[in-house]
Amino acid sequence: MTASSEPLFVEIANVPRDYAWGRIDGVAGVMGATGTGGPEAELWLGAHPGSPARAVDPAPWATLLDWERENGERLPFLLKILVAGGPLSLQAHPTTAQAQAGFADEDARGIPLEAAHRNYKDPYAKPELIVALEDGFEALCGFRPLDETLADVDALAARSGSDALAPWREVLTGVDGLRAGFAWLLGGGAGVDLAVAALVAAASGDERFELVTRLAEAYPGDPGIAIALMMRHVTLAEGESLWLPAGNIHAYLRGAGVELMGPSDNVLRGGLTPKHVDVAELERVLTFAASDDDHLVPVELAAAVRSYRPRIHASGADVPFELLAVTGDARLELAGPSIAVATDGAFTLAAEDAADPGAGIEVRRGVAVFVSRAASVQVTGSGRLWVATAG
């Protein structure tokens, strides 16, 4: 089947991922569907082999992974509905060059792709952005200025009445303090367990350090609790967005959002997790500098269309995707295959190009649609429609 004879609009669906950090019936709550009664963390809408979206009705292909194989084309993004009921692991993602080198090296060393200690599952970068679907979406994003961390360490040391935090403070105030303080915590050397315990004890009952207590309840004794104190704690209102480029350390803490990312599995973890942590490789990938404002301010394209474009940041200049937020009638010029999902209201998508006269599809809340090629699309309706497309 040629691209032009393939249906332009194909409804797609998937099963929510039941990761433990997900909110009970979380994805169902966003999509207006019946929940599973268990944690629902992510709904993947893309071709990633870990959980490719499937065609709802008969189509020339069964899943978007099959579509990729049959068309010889790779979707440059993975769209997700993400709902966190608790904190995710501290993590960072590599650049394309780092991913290619790491993937080739681990292949050469014979490390199986499914091995728990493997860092690089593919040779691709994984830049990502997230837009809050509700007020109060919380995340840790990048490092704080070192003096802010030191002020909190001093305040907690004074409350603790012990010198258990002194070794960490000494490292933080030394040469390359940010990197050294981070490495000291993850290195598991003498004094780390005592420092984390003292930090948690001193934070108890102090509203300023509520996050320390919350993380300690989820991951007792984990050095990531202290690392979180070195990071920016961000709370987003509905519609606000974060941009998370390669090298940025981050963790989502709680809330619902629409996430758009490169279709990669390359995650280097740094705490708040029982999974493998490769300290040396994580240090090599991380950007050890106080983070600038990582908010991704949307660009107004029309009265009812906003675009979240990574390329407005220097670190996102080569990112090949963007996320459109559509709230009413609009005309979209889609440059390539796209995915749309409605989280509120109802819309109709209709083709305006001559190859698909009259073609259209209804997209109500909870429905996702694959747009198989570049097209001019007329959108009618109201609510919230999210469109992942080439940027």
# chains A, B, ... in the order shown; residues from 1 in each chain; ligands from 1
$ closest_atom_pairs --of "region 220-255 of chain A" --to "region 9-30 of chain A" --cutoff "12 Å" --atoms "only C-alpha atoms" --output "CSV"
residue,atom,partner,partner_atom,distance
A:Ala251,CA,A:Trp21,CA,11.7
A:Tyr252,CA,A:Trp21,CA,10.0
A:Leu253,CA,A:Trp21,CA,9.1
A:Arg254,CA,A:Arg23,CA,8.5
A:Gly255,CA,A:Arg23,CA,8.5
$ write_last_selection --atoms "C-alpha atoms" --output "PDB file, in the first residue's frame"
ATOM      1  CA  ALA A 251      12.502  13.466  38.623  1.00  0.00           C
ATOM      2  CA  TYR A 252       8.746  13.840  38.497  1.00  0.00           C
ATOM      3  CA  LEU A 253       7.238  13.776  41.974  1.00  0.00           C
ATOM      4  CA  ARG A 254       3.450  13.791  41.541  1.00  0.00           C
ATOM      5  CA  GLY A 255       0.762  14.992  39.171  1.00  0.00           C
TER       6      GLY A 255
END
$ closest_residue --among "A:Ala132, A:Leu75, A:Leu244, A:Ala59" --to "Leu45 (chain A)" --atoms "only C-alpha atoms"
A:Leu75
$ atom_distance --atom1 "CA of Gly336 (chain A)" --atom2 "CA of Arg373 (chain A)"
4.9 Å
$ select_by_dssp --residues "region 146-358 of chain A" --states "alpha helix (DSSP H)" --output "compact mmCIF listing (two decimals) with all heavy atoms, in the first residue's frame"
# COMPACT_ATOMS: atom_id res chain seq x y z
N LEU A 146 24.76 26.55 44.32
CA LEU A 146 25.37 25.85 45.45
C LEU A 146 25.13 26.57 46.78
O LEU A 146 24.95 25.93 47.82
CB LEU A 146 26.87 25.69 45.20
CG LEU A 146 27.64 24.78 46.14
CD1 LEU A 146 27.01 23.40 46.19
CD2 LEU A 146 29.09 24.68 45.71
N ASP A 147 25.10 27.90 46.76
CA ASP A 147 24.91 28.62 48.02
C ASP A 147 23.53 28.35 48.62
O ASP A 147 23.36 28.35 49.85
CB ASP A 147 25.14 30.12 47.85
CG ASP A 147 24.23 30.76 46.82
OD1 ASP A 147 23.59 30.03 46.05
OD2 ASP A 147 24.17 32.00 46.79
N GLU A 148 22.53 28.10 47.79
CA GLU A 148 21.20 27.77 48.30
C GLU A 148 21.20 26.41 48.98
O GLU A 148 20.58 26.22 50.04
CB GLU A 148 20.17 27.78 47.17
CG GLU A 148 19.93 29.17 46.56
CD GLU A 148 18.88 29.14 45.47
OE1 GLU A 148 18.19 28.10 45.33
OE2 GLU A 148 18.75 30.14 44.74
N THR A 149 21.89 25.45 48.38
CA THR A 149 22.01 24.12 49.01
C THR A 149 22.74 24.21 50.33
O THR A 149 22.32 23.63 51.34
CB THR A 149 22.74 23.15 48.07
OG1 THR A 149 21.99 23.00 46.86
CG2 THR A 149 22.91 21.78 48.72
N LEU A 150 23.84 24.96 50.35
CA LEU A 150 24.63 25.09 51.58
C LEU A 150 23.82 25.73 52.70
O LEU A 150 23.93 25.34 53.86
CB LEU A 150 25.90 25.89 51.30
CG LEU A 150 26.97 25.16 50.49
CD1 LEU A 150 28.06 26.13 50.06
CD2 LEU A 150 27.56 24.01 51.30
N ALA A 151 22.99 26.71 52.36
CA ALA A 151 22.16 27.36 53.38
C ALA A 151 21.20 26.35 54.01
O ALA A 151 20.99 26.36 55.24
CB ALA A 151 21.39 28.53 52.76
N ASP A 152 20.62 25.47 53.19
CA ASP A 152 19.72 24.45 53.73
C ASP A 152 20.48 23.40 54.55
O ASP A 152 20.00 22.93 55.59
CB ASP A 152 18.95 23.77 52.60
CG ASP A 152 17.80 24.62 52.09
OD1 ASP A 152 17.45 25.61 52.76
OD2 ASP A 152 17.24 24.28 51.03
N VAL A 153 21.67 23.02 54.08
CA VAL A 153 22.48 22.06 54.83
C VAL A 153 22.82 22.63 56.20
O VAL A 153 22.74 21.94 57.23
CB VAL A 153 23.75 21.69 54.05
CG1 VAL A 153 24.70 20.87 54.93
CG2 VAL A 153 23.40 20.91 52.80
N ASP A 154 23.19 23.91 56.24
CA ASP A 154 23.53 24.54 57.52
C ASP A 154 22.31 24.60 58.45
O ASP A 154 22.42 24.35 59.65
CB ASP A 154 24.06 25.96 57.28
CG ASP A 154 25.46 25.95 56.67
OD1 ASP A 154 26.13 24.91 56.75
OD2 ASP A 154 25.87 26.99 56.11
N ALA A 155 21.14 24.93 57.88
CA ALA A 155 19.93 25.00 58.70
C ALA A 155 19.60 23.63 59.29
O ALA A 155 19.22 23.51 60.47
CB ALA A 155 18.77 25.52 57.87
N LEU A 156 19.74 22.59 58.49
CA LEU A 156 19.43 21.24 58.96
C LEU A 156 20.49 20.74 59.94
O LEU A 156 20.16 20.03 60.90
CB LEU A 156 19.30 20.30 57.77
CG LEU A 156 18.04 20.52 56.93
CD1 LEU A 156 18.16 19.84 55.57
CD2 LEU A 156 16.80 20.01 57.67
N ALA A 157 21.73 21.12 59.71
CA ALA A 157 22.80 20.73 60.64
C ALA A 157 22.56 21.34 62.01
O ALA A 157 22.75 20.69 63.06
CB ALA A 157 24.15 21.15 60.09
N ALA A 158 22.11 22.59 62.02
CA ALA A 158 21.82 23.26 63.29
C ALA A 158 20.67 22.57 64.01
O ALA A 158 20.68 22.43 65.25
CB ALA A 158 21.50 24.72 63.04
N ARG A 159 19.67 22.11 63.27
CA ARG A 159 18.53 21.42 63.88
C ARG A 159 18.93 20.03 64.39
O ARG A 159 18.36 19.54 65.37
CB ARG A 159 17.40 21.27 62.86
CG ARG A 159 16.59 22.54 62.63
CD ARG A 159 15.54 22.32 61.53
NE ARG A 159 14.63 21.23 61.81
CZ ARG A 159 13.46 21.34 62.45
NH1 ARG A 159 13.08 22.52 62.90
NH2 ARG A 159 12.69 20.29 62.64
N SER A 160 19.86 19.39 63.70
CA SER A 160 20.19 18.01 64.04
C SER A 160 20.99 17.89 65.33
O SER A 160 20.91 16.88 66.03
CB SER A 160 20.97 17.35 62.90
OG SER A 160 22.31 17.83 62.87
N ALA A 166 28.55 17.34 58.38
CA ALA A 166 29.80 18.07 58.14
C ALA A 166 30.62 17.52 56.98
O ALA A 166 31.15 18.29 56.18
CB ALA A 166 30.63 18.11 59.42
N PRO A 167 30.77 16.18 56.84
CA PRO A 167 31.57 15.68 55.71
C PRO A 167 30.98 16.07 54.35
O PRO A 167 31.73 16.41 53.42
CB PRO A 167 31.54 14.17 55.91
CG PRO A 167 31.27 13.97 57.36
CD PRO A 167 30.36 15.09 57.74
N TRP A 168 29.66 16.03 54.23
CA TRP A 168 29.02 16.42 52.96
C TRP A 168 29.24 17.91 52.70
O TRP A 168 29.58 18.30 51.59
CB TRP A 168 27.53 16.09 53.03
CG TRP A 168 26.77 16.36 51.75
CD1 TRP A 168 27.24 16.25 50.47
CD2 TRP A 168 25.40 16.76 51.65
NE1 TRP A 168 26.25 16.56 49.58
CE2 TRP A 168 25.11 16.88 50.27
CE3 TRP A 168 24.40 17.01 52.58
CZ2 TRP A 168 23.85 17.26 49.80
CZ3 TRP A 168 23.14 17.38 52.13
CH2 TRP A 168 22.88 17.51 50.75
N ARG A 169 29.08 18.72 53.75
CA ARG A 169 29.29 20.15 53.58
C ARG A 169 30.72 20.46 53.17
O ARG A 169 30.97 21.33 52.32
CB ARG A 169 28.95 20.90 54.87
CG ARG A 169 28.86 22.41 54.65
CD ARG A 169 28.76 23.21 55.92
NE ARG A 169 28.35 24.57 55.64
CZ ARG A 169 29.12 25.50 55.08
NH1 ARG A 169 30.38 25.19 54.75
NH2 ARG A 169 28.66 26.71 54.85
N GLU A 170 31.66 19.74 53.75
CA GLU A 170 33.07 19.97 53.43
C GLU A 170 33.33 19.67 51.95
O GLU A 170 34.04 20.43 51.27
CB GLU A 170 33.96 19.09 54.30
CG GLU A 170 35.46 19.29 54.06
CD GLU A 170 36.31 18.44 54.98
OE1 GLU A 170 35.76 17.77 55.88
OE2 GLU A 170 37.54 18.44 54.79
N VAL A 171 32.76 18.60 51.45
CA VAL A 171 32.93 18.26 50.04
C VAL A 171 32.27 19.31 49.15
O VAL A 171 32.82 19.73 48.13
CB VAL A 171 32.35 16.86 49.74
CG1 VAL A 171 32.40 16.56 48.25
CG2 VAL A 171 33.12 15.79 50.51
N LEU A 172 31.08 19.77 49.53
CA LEU A 172 30.36 20.76 48.74
C LEU A 172 31.11 22.08 48.63
O LEU A 172 30.99 22.79 47.62
CB LEU A 172 28.98 21.02 49.35
CG LEU A 172 27.91 19.95 49.17
CD1 LEU A 172 26.69 20.25 50.04
CD2 LEU A 172 27.49 19.85 47.70
N GLY A 177 32.58 21.72 43.81
CA GLY A 177 31.73 21.25 44.90
C GLY A 177 30.45 20.57 44.48
O GLY A 177 30.03 19.59 45.11
N LEU A 178 29.81 21.05 43.43
CA LEU A 178 28.56 20.45 43.00
C LEU A 178 28.77 19.01 42.56
O LEU A 178 28.07 18.09 43.01
CB LEU A 178 27.95 21.27 41.85
CG LEU A 178 26.50 21.00 41.48
CD1 LEU A 178 25.58 21.24 42.67
CD2 LEU A 178 26.08 21.89 40.31
N ARG A 179 29.74 18.80 41.69
CA ARG A 179 30.05 17.45 41.23
C ARG A 179 30.55 16.57 42.39
O ARG A 179 30.14 15.41 42.54
CB ARG A 179 31.10 17.50 40.13
CG ARG A 179 31.51 16.13 39.59
CD ARG A 179 32.70 16.25 38.65
NE ARG A 179 32.35 16.92 37.43
CZ ARG A 179 31.91 16.30 36.32
NH1 ARG A 179 31.76 14.99 36.32
NH2 ARG A 179 31.63 16.99 35.24
N ALA A 180 31.42 17.14 43.20
CA ALA A 180 32.02 16.36 44.28
C ALA A 180 30.97 15.96 45.32
O ALA A 180 30.97 14.83 45.81
CB ALA A 180 33.14 17.17 44.93
N GLY A 181 30.06 16.89 45.65
CA GLY A 181 29.03 16.57 46.62
C GLY A 181 28.08 15.52 46.12
O GLY A 181 27.63 14.64 46.88
N PHE A 182 27.76 15.58 44.84
CA PHE A 182 26.89 14.59 44.21
C PHE A 182 27.57 13.22 44.21
O PHE A 182 26.96 12.20 44.59
CB PHE A 182 26.59 15.05 42.78
CG PHE A 182 25.72 14.12 41.98
CD1 PHE A 182 24.34 14.22 42.01
CD2 PHE A 182 26.29 13.14 41.17
CE1 PHE A 182 23.54 13.36 41.27
CE2 PHE A 182 25.51 12.28 40.42
CZ PHE A 182 24.12 12.40 40.47
N ALA A 183 28.84 13.19 43.78
CA ALA A 183 29.56 11.92 43.70
C ALA A 183 29.77 11.31 45.08
O ALA A 183 29.71 10.08 45.24
CB ALA A 183 30.91 12.15 43.02
N TRP A 184 29.98 12.16 46.09
CA TRP A 184 30.17 11.64 47.45
C TRP A 184 28.93 10.91 47.92
O TRP A 184 29.01 9.81 48.50
CB TRP A 184 30.50 12.80 48.39
CG TRP A 184 30.79 12.36 49.81
CD1 TRP A 184 31.95 11.83 50.28
CD2 TRP A 184 29.88 12.41 50.91
NE1 TRP A 184 31.83 11.55 51.63
CE2 TRP A 184 30.56 11.90 52.05
CE3 TRP A 184 28.57 12.85 51.06
CZ2 TRP A 184 29.97 11.80 53.30
CZ3 TRP A 184 27.97 12.76 52.32
CH2 TRP A 184 28.67 12.24 53.42
N LEU A 185 27.77 11.47 47.67
CA LEU A 185 26.53 10.84 48.10
C LEU A 185 26.30 9.51 47.40
O LEU A 185 25.95 8.51 48.04
CB LEU A 185 25.35 11.78 47.84
CG LEU A 185 25.25 13.00 48.75
CD1 LEU A 185 24.21 13.97 48.21
CD2 LEU A 185 24.92 12.59 50.18
N LEU A 186 26.49 9.47 46.08
CA LEU A 186 26.23 8.23 45.34
C LEU A 186 27.35 7.21 45.50
O LEU A 186 27.16 6.02 45.23
CB LEU A 186 26.01 8.53 43.86
CG LEU A 186 24.65 9.10 43.48
CD1 LEU A 186 24.52 9.20 41.97
CD2 LEU A 186 23.51 8.26 44.03
N GLY A 187 28.53 7.68 45.93
CA GLY A 187 29.66 6.76 46.08
C GLY A 187 29.51 5.81 47.24
O GLY A 187 30.21 4.78 47.31
N VAL A 192 28.05 8.55 54.48
CA VAL A 192 26.87 8.88 53.67
C VAL A 192 25.58 8.46 54.37
O VAL A 192 24.63 9.24 54.47
CB VAL A 192 26.96 8.24 52.26
CG1 VAL A 192 25.65 8.42 51.51
CG2 VAL A 192 28.11 8.84 51.48
N ASP A 193 25.53 7.23 54.86
CA ASP A 193 24.31 6.76 55.53
C ASP A 193 23.99 7.63 56.74
O ASP A 193 22.81 7.97 56.98
CB ASP A 193 24.47 5.30 55.98
CG ASP A 193 24.44 4.33 54.82
OD1 ASP A 193 24.07 4.75 53.70
OD2 ASP A 193 24.80 3.15 55.01
N LEU A 194 25.02 8.00 57.50
CA LEU A 194 24.80 8.85 58.68
C LEU A 194 24.30 10.23 58.27
O LEU A 194 23.42 10.81 58.92
CB LEU A 194 26.10 8.98 59.49
CG LEU A 194 26.56 7.73 60.23
CD1 LEU A 194 27.92 7.97 60.89
CD2 LEU A 194 25.54 7.31 61.28
N ALA A 195 24.85 10.77 57.19
CA ALA A 195 24.43 12.09 56.73
C ALA A 195 22.98 12.08 56.27
O ALA A 195 22.21 12.99 56.60
CB ALA A 195 25.35 12.55 55.59
N VAL A 196 22.59 11.05 55.53
CA VAL A 196 21.20 10.96 55.05
C VAL A 196 20.26 10.81 56.24
O VAL A 196 19.20 11.46 56.30
CB VAL A 196 21.04 9.79 54.06
CG1 VAL A 196 19.57 9.59 53.70
CG2 VAL A 196 21.85 10.06 52.80
N ALA A 197 20.63 9.98 57.20
CA ALA A 197 19.78 9.78 58.38
C ALA A 197 19.64 11.08 59.17
O ALA A 197 18.54 11.42 59.64
CB ALA A 197 20.37 8.68 59.26
N ALA A 198 20.73 11.81 59.33
CA ALA A 198 20.68 13.08 60.06
C ALA A 198 19.83 14.10 59.31
O ALA A 198 19.07 14.87 59.93
CB ALA A 198 22.10 13.61 60.26
N LEU A 199 19.95 14.12 58.01
CA LEU A 199 19.17 15.03 57.18
C LEU A 199 17.67 14.77 57.36
O LEU A 199 16.88 15.70 57.57
CB LEU A 199 19.56 14.82 55.71
CG LEU A 199 18.93 15.70 54.66
CD1 LEU A 199 19.54 17.09 54.67
CD2 LEU A 199 19.11 15.08 53.27
N VAL A 200 17.28 13.51 57.30
CA VAL A 200 15.88 13.15 57.42
C VAL A 200 15.35 13.47 58.82
O VAL A 200 14.25 14.02 58.98
CB VAL A 200 15.68 11.65 57.10
CG1 VAL A 200 14.26 11.21 57.40
CG2 VAL A 200 16.03 11.38 55.64
N ALA A 201 16.14 13.16 59.83
CA ALA A 201 15.70 13.43 61.20
C ALA A 201 15.53 14.92 61.44
O ALA A 201 14.55 15.36 62.06
CB ALA A 201 16.72 12.84 62.19
N ALA A 202 16.45 15.73 60.92
CA ALA A 202 16.38 17.17 61.13
C ALA A 202 15.22 17.79 60.35
O ALA A 202 14.65 18.81 60.77
CB ALA A 202 17.70 17.81 60.71
N ALA A 203 14.88 17.22 59.23
CA ALA A 203 13.81 17.76 58.39
C ALA A 203 12.43 17.48 58.95
O ALA A 203 11.46 18.18 58.63
CB ALA A 203 13.91 17.19 56.97
N GLU A 210 9.51 19.54 53.78
CA GLU A 210 8.50 18.50 53.64
C GLU A 210 8.89 17.47 52.59
O GLU A 210 8.63 16.27 52.74
CB GLU A 210 7.16 19.13 53.30
CG GLU A 210 6.02 18.16 53.07
CD GLU A 210 5.93 17.61 51.64
OE1 GLU A 210 6.42 18.31 50.72
OE2 GLU A 210 5.39 16.51 51.46
N LEU A 211 9.53 17.92 51.51
CA LEU A 211 9.91 17.00 50.44
C LEU A 211 10.92 15.97 50.93
O LEU A 211 10.86 14.80 50.53
CB LEU A 211 10.46 17.77 49.24
CG LEU A 211 10.89 16.90 48.06
CD1 LEU A 211 9.73 16.07 47.53
CD2 LEU A 211 11.49 17.75 46.94
N VAL A 212 11.85 16.38 51.78
CA VAL A 212 12.82 15.42 52.33
C VAL A 212 12.10 14.30 53.07
O VAL A 212 12.39 13.11 52.88
CB VAL A 212 13.80 16.15 53.27
CG1 VAL A 212 14.67 15.13 54.03
CG2 VAL A 212 14.69 17.11 52.50
N THR A 213 11.11 14.68 53.87
CA THR A 213 10.34 13.68 54.62
C THR A 213 9.56 12.78 53.68
O THR A 213 9.51 11.55 53.86
CB THR A 213 9.38 14.39 55.59
OG1 THR A 213 10.14 15.20 56.49
CG2 THR A 213 8.55 13.39 56.36
N ARG A 214 8.96 13.37 52.66
CA ARG A 214 8.17 12.58 51.71
C ARG A 214 9.05 11.57 50.96
O ARG A 214 8.67 10.41 50.77
CB ARG A 214 7.49 13.51 50.70
CG ARG A 214 6.36 12.86 49.95
CD ARG A 214 5.87 13.66 48.75
NE ARG A 214 5.93 15.09 48.89
CZ ARG A 214 5.89 15.92 47.85
NH1 ARG A 214 5.78 15.44 46.61
NH2 ARG A 214 5.94 17.23 48.02
N LEU A 215 10.22 12.00 50.52
CA LEU A 215 11.11 11.10 49.79
C LEU A 215 11.65 10.00 50.71
O LEU A 215 11.82 8.86 50.29
CB LEU A 215 12.27 11.89 49.19
CG LEU A 215 11.90 12.89 48.09
CD1 LEU A 215 13.14 13.64 47.61
CD2 LEU A 215 11.21 12.20 46.92
N ALA A 216 11.90 10.35 51.97
CA ALA A 216 12.40 9.35 52.93
C ALA A 216 11.36 8.27 53.20
O ALA A 216 11.70 7.11 53.42
CB ALA A 216 12.81 10.04 54.22
N GLU A 217 10.08 8.65 53.17
CA GLU A 217 9.03 7.66 53.36
C GLU A 217 8.95 6.70 52.18
O GLU A 217 8.66 5.51 52.35
CB GLU A 217 7.69 8.37 53.55
CG GLU A 217 7.58 9.12 54.88
CD GLU A 217 6.32 9.96 54.97
OE1 GLU A 217 5.63 10.10 53.93
OE2 GLU A 217 6.04 10.50 56.06
N ALA A 218 9.22 7.21 50.98
CA ALA A 218 9.15 6.38 49.78
C ALA A 218 10.41 5.56 49.57
O ALA A 218 10.35 4.41 49.11
CB ALA A 218 8.89 7.27 48.55
N GLY A 224 19.53 9.58 47.25
CA GLY A 224 18.78 10.52 46.42
C GLY A 224 18.00 11.53 47.24
O GLY A 224 17.66 12.61 46.74
N ILE A 225 17.69 11.20 48.50
CA ILE A 225 16.99 12.15 49.37
C ILE A 225 17.83 13.40 49.55
O ILE A 225 17.33 14.53 49.49
CB ILE A 225 16.70 11.50 50.74
CG1 ILE A 225 15.83 10.26 50.58
CG2 ILE A 225 16.07 12.50 51.70
CD1 ILE A 225 15.81 9.37 51.82
N ALA A 226 19.13 13.22 49.75
CA ALA A 226 20.04 14.36 49.91
C ALA A 226 20.29 15.05 48.57
O ALA A 226 20.38 16.28 48.50
CB ALA A 226 21.35 13.89 50.53
N ILE A 227 20.40 14.26 47.50
CA ILE A 227 20.61 14.86 46.19
C ILE A 227 19.44 15.78 45.84
O ILE A 227 19.63 16.85 45.24
CB ILE A 227 20.79 13.76 45.12
CG1 ILE A 227 22.10 13.02 45.35
CG2 ILE A 227 20.75 14.35 43.71
CD1 ILE A 227 22.28 11.80 44.48
N ALA A 228 18.22 15.40 46.23
CA ALA A 228 17.05 16.24 45.96
C ALA A 228 17.21 17.62 46.57
O ALA A 228 16.70 18.61 46.03
CB ALA A 228 15.80 15.56 46.50
N LEU A 229 17.93 17.72 47.69
CA LEU A 229 18.15 19.01 48.32
C LEU A 229 19.06 19.90 47.47
O LEU A 229 19.06 21.12 47.62
CB LEU A 229 18.77 18.81 49.71
CG LEU A 229 18.61 19.95 50.71
CD1 LEU A 229 17.15 20.13 51.10
CD2 LEU A 229 19.47 19.70 51.95
N VAL A 279 27.29 5.16 38.65
CA VAL A 279 27.69 6.50 39.09
C VAL A 279 28.65 7.14 38.10
O VAL A 279 28.50 8.32 37.74
CB VAL A 279 28.32 6.43 40.50
CG1 VAL A 279 28.74 7.84 40.94
CG2 VAL A 279 27.34 5.83 41.49
N ALA A 280 29.64 6.40 37.64
CA ALA A 280 30.64 6.98 36.75
C ALA A 280 30.01 7.44 35.44
O ALA A 280 30.31 8.53 34.94
CB ALA A 280 31.74 5.95 36.47
N GLU A 281 29.14 6.62 34.85
CA GLU A 281 28.51 6.99 33.58
C GLU A 281 27.54 8.15 33.77
O GLU A 281 27.45 9.05 32.92
CB GLU A 281 27.80 5.79 32.97
CG GLU A 281 27.29 6.01 31.55
CD GLU A 281 28.40 6.25 30.54
OE1 GLU A 281 29.58 5.99 30.84
OE2 GLU A 281 28.07 6.71 29.42
N LEU A 282 26.82 8.14 34.86
CA LEU A 282 25.91 9.25 35.14
C LEU A 282 26.69 10.56 35.28
O LEU A 282 26.28 11.59 34.73
CB LEU A 282 25.12 8.96 36.41
CG LEU A 282 24.14 10.05 36.85
CD1 LEU A 282 23.07 10.28 35.79
CD2 LEU A 282 23.50 9.69 38.19
N GLU A 283 27.79 10.53 36.00
CA GLU A 283 28.62 11.73 36.14
C GLU A 283 29.10 12.23 34.78
O GLU A 283 29.18 13.44 34.53
CB GLU A 283 29.82 11.45 37.03
CG GLU A 283 29.54 11.49 38.51
CD GLU A 283 30.84 11.47 39.31
OE1 GLU A 283 31.59 12.46 39.26
OE2 GLU A 283 31.10 10.43 39.94
N ARG A 284 29.42 11.30 33.89
CA ARG A 284 29.92 11.69 32.57
C ARG A 284 28.86 12.38 31.74
O ARG A 284 29.15 13.28 30.94
CB ARG A 284 30.43 10.44 31.84
CG ARG A 284 31.24 10.73 30.58
CD ARG A 284 31.74 9.44 29.98
NE ARG A 284 30.67 8.72 29.31
CZ ARG A 284 30.27 8.98 28.06
NH1 ARG A 284 30.82 9.95 27.36
NH2 ARG A 284 29.31 8.25 27.52
N VAL A 285 27.61 12.01 31.95
CA VAL A 285 26.50 12.54 31.15
C VAL A 285 25.92 13.84 31.74
O VAL A 285 25.48 14.72 30.99
CB VAL A 285 25.40 11.46 31.04
CG1 VAL A 285 24.09 12.06 30.55
CG2 VAL A 285 25.86 10.35 30.10
$ residues_around --residues "Ala317 (chain A)" --least-positions-apart "6" --cutoff "12 Å" --atoms "only C-alpha atoms" --output "PyMOL selection string"
chain A and resi 127+245+309-311+391
$ closest_residue --among "A:Val234, A:Ile312, A:Ala47, A:Ala84" --to "Asp66 (chain A)" --atoms "only C-alpha atoms"
A:Ala47
$ select_by_dssp --residues "region 107-281 of chain A" --states "strand (DSSP E)" --output "PyMOL selection string"
chain A and resi 128-132+137-143+231-236+241-244+250-261+268-269
